[in-house]
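Asker: Have a peek at my_file.pdb (PDB, C-alpha atoms and all ligand atoms).
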```pdb
ATOM      1  CA  MET A   2     261.198 188.366 124.616
ATOM      2  CA  GLY A   3     263.723 185.626 125.413
ATOM      3  CA  TYR A   4     263.546 185.333 129.179
ATOM      4  CA  GLY A   5     265.972 182.580 130.224
ATOM      5  CA  HIS A   6     264.662 182.250 133.785
ATOM      6  CA  ILE A   7     261.080 182.950 134.779
ATOM      7  CA  VAL A   8     259.964 182.808 138.435
ATOM      8  CA  ILE A   9     256.239 182.805 139.172
ATOM      9  CA  LEU A  10     255.047 183.325 142.751
ATOM     10  CA  THR A  11     251.499 182.110 143.358
ATOM     11  CA  GLY A  12     249.110 182.546 146.287
ATOM     12  CA  ALA A  13     245.627 181.526 147.319
ATOM     13  CA  GLY A  14     243.993 183.760 144.672
ATOM     14  CA  ILE A  15     245.073 181.444 141.849
ATOM     15  CA  SER A  16     243.093 178.587 143.420
ATOM     16  CA  ALA A  17     240.047 180.688 144.404
ATOM     17  CA  GLU A  18     238.192 179.882 141.185
ATOM     18  CA  SER A  19     238.829 176.171 141.821
ATOM     19  CA  GLY A  20     236.684 176.508 144.952
ATOM     20  CA  LEU A  21     239.494 176.683 147.532
ATOM     21  CA  GLY A  22     239.042 179.610 149.906
ATOM     22  CA  THR A  23     241.618 182.363 150.265
ATOM     23  CA  PHE A  24     242.764 183.563 153.700
ATOM     24  CA  ARG A  25     242.175 187.302 153.895
ATOM     25  CA  ASP A  26     239.347 188.045 151.444
ATOM     26  CA  LYS A  27     235.731 188.543 152.580
ATOM     27  CA  ASP A  28     234.674 184.986 153.642
ATOM     28  CA  GLY A  29     238.393 184.014 153.746
ATOM     29  CA  LEU A  30     239.637 181.391 156.227
ATOM     30  CA  TRP A  31     240.992 184.024 158.650
ATOM     31  CA  THR A  32     237.507 185.593 158.980
ATOM     32  CA  ARG A  33     236.227 182.238 160.331
ATOM     33  CA  TYR A  34     239.307 181.007 162.226
ATOM     34  CA  ASN A  35     241.822 182.739 164.443
ATOM     35  CA  LEU A  36     245.158 182.152 162.715
ATOM     36  CA  GLU A  37     246.901 181.934 166.110
ATOM     37  CA  ASP A  38     244.753 178.863 166.854
ATOM     38  CA  VAL A  39     245.272 176.918 163.612
ATOM     39  CA  ALA A  40     248.428 178.200 161.922
ATOM     40  CA  THR A  41     251.044 178.427 164.686
ATOM     41  CA  PRO A  42     253.055 175.724 166.502
ATOM     42  CA  GLU A  43     251.699 177.152 169.772
ATOM     43  CA  GLY A  44     248.087 176.723 168.607
ATOM     44  CA  PHE A  45     248.836 173.095 167.673
ATOM     45  CA  ALA A  46     250.438 172.448 171.078
ATOM     46  CA  ARG A  47     247.396 173.969 172.835
ATOM     47  CA  ASN A  48     244.689 172.137 170.891
ATOM     48  CA  PRO A  49     245.918 169.496 168.429
ATOM     49  CA  VAL A  50     242.411 168.030 167.996
ATOM     50  CA  PHE A  51     241.094 171.366 166.705
ATOM     51  CA  VAL A  52     244.063 171.866 164.366
ATOM     52  CA  HIS A  53     243.723 168.319 162.969
ATOM     53  CA  GLU A  54     239.996 168.968 162.339
ATOM     54  CA  PHE A  55     240.849 172.206 160.474
ATOM     55  CA  TYR A  56     243.370 170.447 158.205
ATOM     56  CA  ASN A  57     241.160 167.347 157.755
ATOM     57  CA  ALA A  58     238.422 169.646 156.389
ATOM     58  CA  ARG A  59     240.942 171.398 154.091
ATOM     59  CA  ARG A  60     242.203 167.988 152.839
ATOM     60  CA  ALA A  61     238.597 166.928 152.130
ATOM     61  CA  ASN A  62     237.978 170.142 150.103
ATOM     62  CA  LEU A  63     241.154 169.510 148.124
ATOM     63  CA  ARG A  64     239.984 166.019 147.117
ATOM     64  CA  ASP A  65     237.204 167.627 144.996
ATOM     65  CA  ALA A  66     239.223 170.574 143.653
ATOM     66  CA  ARG A  67     240.421 170.724 140.060
ATOM     67  CA  PRO A  68     242.861 173.164 138.422
ATOM     68  CA  ASN A  69     241.391 176.182 136.645
ATOM     69  CA  ALA A  70     242.474 177.980 133.466
ATOM     70  CA  ALA A  71     245.218 179.869 135.347
ATOM     71  CA  HIS A  72     246.969 176.700 136.593
ATOM     72  CA  GLU A  73     246.576 175.175 133.121
ATOM     73  CA  ALA A  74     248.099 178.220 131.414
ATOM     74  CA  LEU A  75     251.190 178.070 133.669
ATOM     75  CA  ALA A  76     251.634 174.361 132.897
ATOM     76  CA  ARG A  77     251.358 175.194 129.184
ATOM     77  CA  LEU A  78     254.020 177.893 129.623
ATOM     78  CA  GLU A  79     256.435 175.460 131.311
ATOM     79  CA  THR A  80     256.019 172.957 128.452
ATOM     80  CA  ALA A  81     256.341 175.471 125.598
ATOM     81  CA  TRP A  82     258.945 177.865 127.012
ATOM     82  CA  PRO A  83     262.550 177.366 125.836
ATOM     83  CA  GLY A  84     264.003 178.630 129.161
ATOM     84  CA  ASP A  85     263.323 177.728 132.840
ATOM     85  CA  VAL A  86     259.931 178.315 134.387
ATOM     86  CA  LEU A  87     259.870 177.889 138.177
ATOM     87  CA  ILE A  88     256.640 178.164 140.174
ATOM     88  CA  VAL A  89     257.172 179.119 143.816
ATOM     89  CA  THR A  90     253.810 178.607 145.434
ATOM     90  CA  GLN A  91     252.635 179.612 148.883
ATOM     91  CA  ASN A  92     249.707 177.263 148.368
ATOM     92  CA  VAL A  93     249.470 173.910 150.099
ATOM     93  CA  ASP A  94     247.145 172.507 147.408
ATOM     94  CA  ASP A  95     248.432 170.406 144.485
ATOM     95  CA  LEU A  96     246.541 172.146 141.668
ATOM     96  CA  HIS A  97     249.732 173.211 139.846
ATOM     97  CA  GLU A  98     250.846 169.562 139.717
ATOM     98  CA  GLN A  99     247.349 168.385 138.740
ATOM     99  CA  ALA A 100     247.495 170.853 135.819
ATOM    100  CA  GLY A 101     250.842 169.392 134.710
ATOM    101  CA  SER A 102     253.449 171.801 136.151
ATOM    102  CA  ARG A 103     256.596 169.921 137.217
ATOM    103  CA  ASN A 104     258.972 172.631 138.443
ATOM    104  CA  VAL A 105     257.098 173.680 141.583
ATOM    105  CA  ILE A 106     258.400 174.642 145.041
ATOM    106  CA  HIS A 107     255.829 174.535 147.843
ATOM    107  CA  MET A 108     257.422 177.035 150.213
ATOM    108  CA  HIS A 109     254.572 176.670 152.784
ATOM    109  CA  GLY A 110     254.388 172.868 152.529
ATOM    110  CA  GLU A 111     251.719 170.555 151.197
ATOM    111  CA  LEU A 112     248.316 169.526 152.512
ATOM    112  CA  SER A 113     248.732 166.016 151.104
ATOM    113  CA  ARG A 114     251.832 165.339 153.217
ATOM    114  CA  ILE A 115     252.390 164.776 156.929
ATOM    115  CA  ARG A 116     255.523 164.876 159.059
ATOM    116  CA  CYS A 117     256.526 162.833 162.092
ATOM    117  CA  GLY A 118     257.946 164.856 164.983
ATOM    118  CA  ALA A 119     259.827 161.764 166.240
ATOM    119  CA  CYS A 120     261.591 160.467 163.105
ATOM    120  CA  GLU A 121     261.084 163.556 160.835
ATOM    121  CA  THR A 122     259.802 161.348 157.990
ATOM    122  CA  VAL A 123     257.573 163.204 155.514
ATOM    123  CA  SER A 124     254.985 160.977 153.847
ATOM    124  CA  GLU A 125     251.977 161.287 151.587
ATOM    125  CA  HIS A 126     248.640 161.357 153.443
ATOM    126  CA  ARG A 127     245.407 162.378 151.718
ATOM    127  CA  HIS A 128     242.916 161.372 154.412
ATOM    128  CA  ASP A 129     242.039 162.379 157.963
ATOM    129  CA  LEU A 130     244.757 162.581 160.591
ATOM    130  CA  PHE A 131     244.094 162.229 164.335
ATOM    131  CA  VAL A 132     246.048 163.006 167.501
ATOM    132  CA  ASP A 133     246.637 159.296 168.130
ATOM    133  CA  SER A 134     247.522 158.353 164.516
ATOM    134  CA  GLU A 135     250.699 156.229 164.334
ATOM    135  CA  CYS A 136     253.683 157.075 162.137
ATOM    136  CA  ALA A 137     253.933 154.376 159.434
ATOM    137  CA  ASP A 138     257.711 154.707 159.505
ATOM    138  CA  CYS A 139     258.732 154.651 163.189
ATOM    139  CA  GLY A 140     255.474 153.356 164.700
ATOM    140  CA  VAL A 141     255.259 156.104 167.339
ATOM    141  CA  ALA A 142     251.737 157.471 167.961
ATOM    142  CA  GLY A 143     250.801 161.101 168.585
ATOM    143  CA  THR A 144     253.757 162.686 166.779
ATOM    144  CA  LEU A 145     252.256 163.392 163.345
ATOM    145  CA  ARG A 146     251.405 166.877 162.061
ATOM    146  CA  PRO A 147     250.472 168.406 158.712
ATOM    147  CA  HIS A 148     253.579 169.138 156.591
ATOM    148  CA  VAL A 149     252.727 172.838 156.332
ATOM    149  CA  VAL A 150     254.629 175.938 157.424
ATOM    150  CA  TRP A 151     253.008 177.842 160.260
ATOM    151  CA  PHE A 152     253.751 181.397 161.436
ATOM    152  CA  GLY A 153     257.102 181.520 163.177
ATOM    153  CA  GLU A 154     258.442 178.537 161.214
ATOM    154  CA  MET A 155     261.012 178.659 158.429
ATOM    155  CA  PRO A 156     259.509 178.321 154.929
ATOM    156  CA  LEU A 157     260.930 175.484 152.826
ATOM    157  CA  ARG A 158     263.718 175.517 150.202
ATOM    158  CA  MET A 159     264.533 179.204 150.755
ATOM    159  CA  GLU A 160     268.097 178.939 149.418
ATOM    160  CA  GLU A 161     266.886 177.560 146.096
ATOM    161  CA  ILE A 162     264.209 180.246 145.940
ATOM    162  CA  PHE A 163     266.610 183.148 146.526
ATOM    163  CA  THR A 164     269.053 181.736 143.955
ATOM    164  CA  ALA A 165     266.217 181.589 141.413
ATOM    165  CA  LEU A 166     265.129 185.147 142.300
ATOM    166  CA  ASP A 167     268.684 186.390 141.783
ATOM    167  CA  GLU A 168     268.896 184.715 138.371
ATOM    168  CA  CYS A 169     265.443 185.450 136.981
ATOM    169  CA  ASP A 170     264.708 187.960 134.260
ATOM    170  CA  LEU A 171     260.917 187.823 134.650
ATOM    171  CA  PHE A 172     259.190 187.724 138.063
ATOM    172  CA  VAL A 173     255.409 187.354 138.095
ATOM    173  CA  SER A 174     253.284 187.390 141.252
ATOM    174  CA  ILE A 175     249.782 185.914 140.966
ATOM    175  CA  GLY A 176     246.913 185.877 143.478
ATOM    176  CA  THR A 177     248.690 186.842 146.674
ATOM    177  CA  SER A 178     247.883 189.691 149.069
ATOM    178  CA  GLY A 179     251.587 190.352 149.724
ATOM    179  CA  THR A 180     251.114 190.352 153.487
ATOM    180  CA  VAL A 181     253.077 187.261 154.547
ATOM    181  CA  TYR A 182     256.878 187.314 154.646
ATOM    182  CA  PRO A 183     259.284 186.216 153.311
ATOM    183  CA  ALA A 184     257.204 185.789 150.085
ATOM    184  CA  ALA A 185     255.917 189.368 150.389
ATOM    185  CA  GLY A 186     259.519 190.563 150.190
ATOM    186  CA  PHE A 187     260.445 188.747 146.966
ATOM    187  CA  VAL A 188     259.580 191.649 144.647
ATOM    188  CA  ALA A 189     261.723 194.052 146.695
ATOM    189  CA  HIS A 190     264.565 191.497 146.643
ATOM    190  CA  VAL A 191     264.335 191.165 142.840
ATOM    191  CA  ARG A 192     264.339 194.932 142.402
ATOM    192  CA  ARG A 193     267.268 195.412 144.747
ATOM    193  CA  PHE A 194     269.541 192.564 143.679
ATOM    194  CA  GLY A 195     268.262 191.477 140.272
ATOM    195  CA  HIS A 196     267.333 192.840 136.908
ATOM    196  CA  ALA A 197     263.975 191.176 136.220
ATOM    197  CA  ARG A 198     260.807 192.614 134.722
ATOM    198  CA  THR A 199     258.259 192.506 137.586
ATOM    199  CA  VAL A 200     254.549 191.885 136.995
ATOM    200  CA  GLU A 201     251.629 191.564 139.431
ATOM    201  CA  LEU A 202     248.448 189.728 138.334
ATOM    202  CA  ASN A 203     245.799 189.871 141.060
ATOM    203  CA  LEU A 204     242.143 190.565 141.716
ATOM    204  CA  ASP A 205     242.979 193.650 143.802
ATOM    205  CA  PRO A 206     246.212 195.587 144.340
ATOM    206  CA  SER A 207     248.414 193.705 146.850
ATOM    207  CA  GLU A 208     250.227 195.359 149.774
ATOM    208  CA  GLY A 209     253.366 195.605 147.649
ATOM    209  CA  HIS A 210     251.706 196.580 144.360
ATOM    210  CA  SER A 211     253.680 199.806 143.983
ATOM    211  CA  LEU A 212     256.936 197.821 143.788
ATOM    212  CA  PHE A 213     255.902 196.079 140.565
ATOM    213  CA  ALA A 214     256.769 197.676 137.228
ATOM    214  CA  GLU A 215     253.494 196.346 135.731
ATOM    215  CA  THR A 216     250.177 195.476 137.359
ATOM    216  CA  ARG A 217     247.016 193.942 135.931
ATOM    217  CA  TYR A 218     243.821 193.361 137.924
ATOM    218  CA  GLY A 219     241.069 190.796 137.372
ATOM    219  CA  PRO A 220     240.357 187.095 137.949
ATOM    220  CA  ALA A 221     243.375 184.804 137.539
ATOM    221  CA  SER A 222     241.439 182.505 135.171
ATOM    222  CA  GLU A 223     241.317 185.407 132.678
ATOM    223  CA  LEU A 224     244.544 187.326 133.358
ATOM    224  CA  VAL A 225     246.948 184.383 133.468
ATOM    225  CA  PRO A 226     245.993 182.679 130.166
ATOM    226  CA  ALA A 227     246.087 186.082 128.417
ATOM    227  CA  PHE A 228     249.526 186.861 129.903
ATOM    228  CA  VAL A 229     250.888 183.413 128.942
ATOM    229  CA  ASP A 230     249.551 183.860 125.388
ATOM    230  CA  GLU A 231     251.385 187.197 125.167
ATOM    231  CA  LEU A 232     254.649 185.605 126.323
ATOM    232  CA  LEU A 233     254.360 182.715 123.894
ATOM    233  CA  LYS A 234     253.521 184.993 120.950
ATOM    234  CA  ALA A 235     256.290 187.539 121.606
TER     235      ALA A 235
HETATM  236  C1  LIG A 301     242.449 186.587 143.365
HETATM  237  C2  LIG A 301     241.292 185.903 143.101
HETATM  238  C3  LIG A 301     241.121 185.501 141.792
HETATM  239  C4  LIG A 301     241.199 186.383 145.144
HETATM  240  N1  LIG A 301     242.058 185.773 140.892
HETATM  241  N2  LIG A 301     243.374 186.853 142.458
HETATM  242  C5  LIG A 301     259.067 190.531 158.224
HETATM  243  C6  LIG A 301     260.021 189.784 157.529
HETATM  244  C7  LIG A 301     260.029 188.385 157.610
HETATM  245  C8  LIG A 301     259.076 187.711 158.385
HETATM  246  C9  LIG A 301     258.138 188.460 159.080
HETATM  247  C10 LIG A 301     258.132 189.831 159.000
HETATM  248  N3  LIG A 301     257.135 190.280 159.784
HETATM  249  C11 LIG A 301     256.513 189.202 160.319
HETATM  250  C12 LIG A 301     257.096 188.079 159.922
HETATM  251  C13 LIG A 301     256.679 186.705 160.294
HETATM  252  C14 LIG A 301     255.535 186.083 159.545
HETATM  253  C15 LIG A 301     254.701 187.097 158.761
HETATM  254  O1  LIG A 301     254.895 187.321 157.590
HETATM  255  N4  LIG A 301     253.715 187.691 159.396
HETATM  256  C16 LIG A 301     252.868 188.677 158.704
HETATM  257  C17 LIG A 301     251.417 188.424 159.059
HETATM  258  C18 LIG A 301     253.382 190.057 159.014
HETATM  259  N5  LIG A 301     256.065 185.097 158.635
HETATM  260  C19 LIG A 301     256.392 183.881 159.044
HETATM  261  O2  LIG A 301     256.272 183.537 160.216
HETATM  262  C20 LIG A 301     256.967 182.936 158.035
HETATM  263  N6  LIG A 301     258.221 182.450 158.478
HETATM  264  C21 LIG A 301     259.300 183.261 158.568
HETATM  265  O3  LIG A 301     259.217 184.442 158.288
HETATM  266  O4  LIG A 301     260.466 182.638 158.947
HETATM  267  C22 LIG A 301     261.643 183.470 159.121
HETATM  268  C23 LIG A 301     262.289 183.915 157.832
HETATM  269  C24 LIG A 301     262.637 185.251 157.645
HETATM  270  C25 LIG A 301     263.231 185.681 156.480
HETATM  271  C26 LIG A 301     263.543 184.786 155.465
HETATM  272  C27 LIG A 301     263.200 183.456 155.653
HETATM  273  C28 LIG A 301     262.556 183.039 156.812
HETATM  274  C29 LIG A 301     256.038 181.723 157.835
HETATM  275  C30 LIG A 301     254.761 182.102 157.188
HETATM  276  C31 LIG A 301     253.839 180.887 157.116
HETATM  277  C32 LIG A 301     252.496 181.227 156.493
HETATM  278  N7  LIG A 301     251.620 180.125 156.622
HETATM  279  C33 LIG A 301     250.303 180.176 156.004
HETATM  280  C34 LIG A 301     249.544 178.898 156.382
HETATM  281  C35 LIG A 301     250.108 177.711 155.607
HETATM  282  C36 LIG A 301     249.338 176.454 155.863
HETATM  283  C37 LIG A 301     247.868 176.555 155.481
HETATM  284  O5  LIG A 301     247.523 176.791 154.318
HETATM  285  O6  LIG A 301     247.069 176.392 156.394
HETATM  286  O7  LIG A 301     250.424 180.309 154.578
HETATM  287  S1  LIG A 301     249.370 181.643 156.461
HETATM  288  C38 LIG A 301     248.610 181.871 154.888
HETATM  289  O8  LIG A 301     249.054 183.132 154.293
HETATM  290  C39 LIG A 301     249.167 180.752 153.990
HETATM  291  C40 LIG A 301     249.403 181.498 152.708
HETATM  292  O9  LIG A 301     250.338 180.774 151.916
HETATM  293  C41 LIG A 301     249.878 182.840 153.168
HETATM  294  C42 LIG A 301     249.747 183.918 152.126
HETATM  295  O10 LIG A 301     248.419 184.153 151.789
HETATM  296  P1  LIG A 301     248.022 184.517 150.284
HETATM  297  O11 LIG A 301     248.302 183.348 149.416
HETATM  298  O12 LIG A 301     248.614 185.801 149.899
HETATM  299  O13 LIG A 301     246.421 184.601 150.403
HETATM  300  P2  LIG A 301     245.520 185.876 150.837
HETATM  301  O14 LIG A 301     244.191 185.339 151.211
HETATM  302  O15 LIG A 301     246.194 186.728 151.806
HETATM  303  O16 LIG A 301     245.393 186.726 149.488
HETATM  304  C43 LIG A 301     244.683 186.239 148.385
HETATM  305  C44 LIG A 301     244.864 187.237 147.231
HETATM  306  O17 LIG A 301     244.267 186.677 146.076
HETATM  307  C45 LIG A 301     244.198 188.603 147.470
HETATM  308  O18 LIG A 301     245.102 189.648 147.144
HETATM  309  C46 LIG A 301     243.015 188.623 146.489
HETATM  310  O19 LIG A 301     242.774 189.903 145.916
HETATM  311  C47 LIG A 301     243.482 187.669 145.429
HETATM  312  N8  LIG A 301     242.412 186.939 144.773
HETATM  313  N9  LIG A 301     240.543 185.846 144.309
HETATM  314  C48 LIG A 301     243.175 186.480 141.297
HETATM  315  N10 LIG A 301     239.981 184.858 141.437
END
```
As structure tokens, please, write out the structure in this file.
Answerer:
Amino acid sequence: MGYGHIVILTGAGISAESGLGTFRDKDGLWTRYNLEDVATPEGFARNPVFVHEFYNARRANLRDARPNAAHEALARLETAWPGDVLIVTQNVDDLHEQAGSRNVIHMHGELSRIRCGACETVSEHRHDLFVDSECADCGVAGTLRPHVVWFGEMPLRMEEIFTALDECDLFVSIGTSGTVYPAAGFVAHVRRFGHARTVELNLDPSEGHSLFAETRYGPASELVPAFVDELLKA
């Protein structure tokens, strides 16, 4: 099938087999941490030391993580496909880029970047961050935070994402529980305003599974390469 514009939404499940924990599964991050404490601006204001420790540990895990067969298959698709392939990821890891994907939007930010609250500069930072760390750009101390999107904050590049959703003719959702908006609403948006084939690839049915025209369940490292092979052979 000649899809001109493919949009692929990914979530924590695609990186689970690379050893990065998901949020809501058994043993997920939200079973060990209260999300109000570590993933809201209010939690950061209350206890920045604790939030920095949480993200320092996540950054350390990411240093050892490598892409799995699912990330690699999506990179292969982008290279081989004659039309556009856009990955919109909710993940803050860089495993899509490590696998070779180039057209990636990190709507919830990136673990390897930090942002200064004083000068707004976003810079690469792959090591620990502390409450008294100084901004390399403006020199002010105590203003740096992880460049991630917390609850109550606006996800990044939303205009570009909605334009791509409106234009796409294939929308695939991989490894997300479909519980966090606005990403959880993308499939409904595509069905309402677009014309795309909608496919869910996940370990278990997501919250919005009934909105997808097609669903397949199993580990991403098996489902995604098989799905990409089907697209490339069609
Ligand atoms: C496998 C697998 C394997 C396992 N293979 N699969 C209604 C409308 C709009 C907004 C709201 C609304 N109601 C409430 C809101 C506000 C709120 C929200 O959604 N709350 C809900 C809890 C109800 N949303 C926000 O505040 C967002 N901002 C916002 O809405 O701004 C206003 C706005 C409105 C409208 C348009 C535009 C803007 C911001 C949300 C920020 C989320 N931040 C986090 C943390 C990021 C930093 C960090 O990583 O620390 O993002 S929370 C966390 O959840 C993280 C994830 O990206 C996100 C989604 O999680 P994900 O990826 O789905 O992971 P899991 O663990 O939930 O699921 C894993 C899945 O994988 C499971 O299904 C497994 O089965 C599967 N799996 N192993 C395949 N091997």
Asker: Could you expand the PyMOL selection byres (((not hetatm)) within 8 of (chain A and resi 301)) into the explicit residues it covers here, written as a PyMOL selection string?
Answerer: chain A and resi 11-18+22-26+29-30+36+39-40+56+90-93+109-112+149-156+159+175-186+202-207+218-222
Asker: Spell out the residues picked by the PyMOL selection byres (((chain A and resi 165) around 12) and not hetatm) here, as a PyMOL selection string.
Answerer: chain A and resi 5-10+85-89+104+106+158-164+166-172+187+190-191+194-195+197
Asker: Go through A:Asp65, A:Glu223, A:Glu208, A:Glu121 and flag the residue nearest Arg146 in chain A, using all atoms listed in the file for the distances.
Answerer: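 The closest residue to Arg146 in chain A is A:Glu121.
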Asker: Name the residues within 12 Å of (247.3, 167.2, 142.7), counting only C-alpha atoms in the file's coordinates, and put them as a count of residues only.
Answerer: 27
Asker: Restricting the calculation to all atoms listed in the file, which member of A:Asp138, A:Asp129, A:Glu215, A:Asp38 is positioned closest to Asn57 in chain A?
Answerer: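 Between A:Asp138, A:Asp129, A:Glu215, A:Asp38, the residue approaching Asn57 in chain A most closely is A:Asp129.
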Asker: Excluding same-chain residues fewer than 3 positions from Phe228 in chain A, what lies within 12 Å of it counting all atoms listed in the file, as a list in words?
Answerer: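 The residues that qualify are Ala70, Ala71, Ala74, Leu75, Arg77, Leu78, Val173, Ser174, Ile175, Val200, Glu201, Leu202, Glu215, Thr216, Arg217, Tyr218, Gly219, Ala221, Ser222, Glu223, Leu224, Val225, Glu231, Leu232, Leu233, Lys234 and Ala235 of chain A.
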Asker: Rounded to one decimal place, report the CA of Leu130 in chain A-CA of Cys117 in chain A distance in Å.
Answerer: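 If I compute the distance from CA of Leu130 in chain A to CA of Cys117 in chain A, I get 11.9 Å.
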Asker: By how many Å are CA of Val229 in chain A and CA of Asn69 in chain A apart?
Answerer: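 These atoms are spaced 14.2 Å apart.
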Asker: Running the PyMOL selection byres (((chain A and resi 50) around 12) and not hetatm) on this model by hand, what would come out? Give it as a list in words.
Answerer: Asp38, Val39, Gly44, Phe45, Ala46, Arg47, Asn48, Pro49, Phe51, Val52, His53, Glu54, Phe55, Tyr56, Asn57, Asp129, Leu130, Phe131, Val132, Asp133, Ser134, Gly143, Leu145 and Arg146 of chain A
Asker: Just checking: using all atoms listed in the file, which residue out of A:Ala76, A:Ala189, A:Cys136, A:Ala227 ends up closest to Phe213 in chain A?
Answerer: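 Ranking A:Ala76, A:Ala189, A:Cys136, A:Ala227 by distance to Phe213 in chain A, first place goes to A:Ala189.
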Asker: Just how far from CA of Leu21 in chain A is CA of His148 in chain A, in Å to one decimal?
Answerer: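 Straight-line distance from CA of His148 in chain A to CA of Leu21 in chain A works out to 18.4 Å.
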Asker: Is it possible to get the residues within 8 Å of (258.2, 166.4, 168.9) (coordinates as in the file, counting only C-alpha atoms) written as a list in words?
Answerer: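 Within the cut-off we find Cys117, Gly118, Ala119 and Thr144 of chain A.
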Asker: With only C-alpha atoms as the basis for distance, which of A:Thr80, A:Glu73, A:Leu212, A:Ser124 is at the shortest distance from Pro226 in chain A?
Answerer: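 Of A:Thr80, A:Glu73, A:Leu212, A:Ser124, the one nearest Pro226 in chain A, counting only C-alpha atoms, is A:Glu73.
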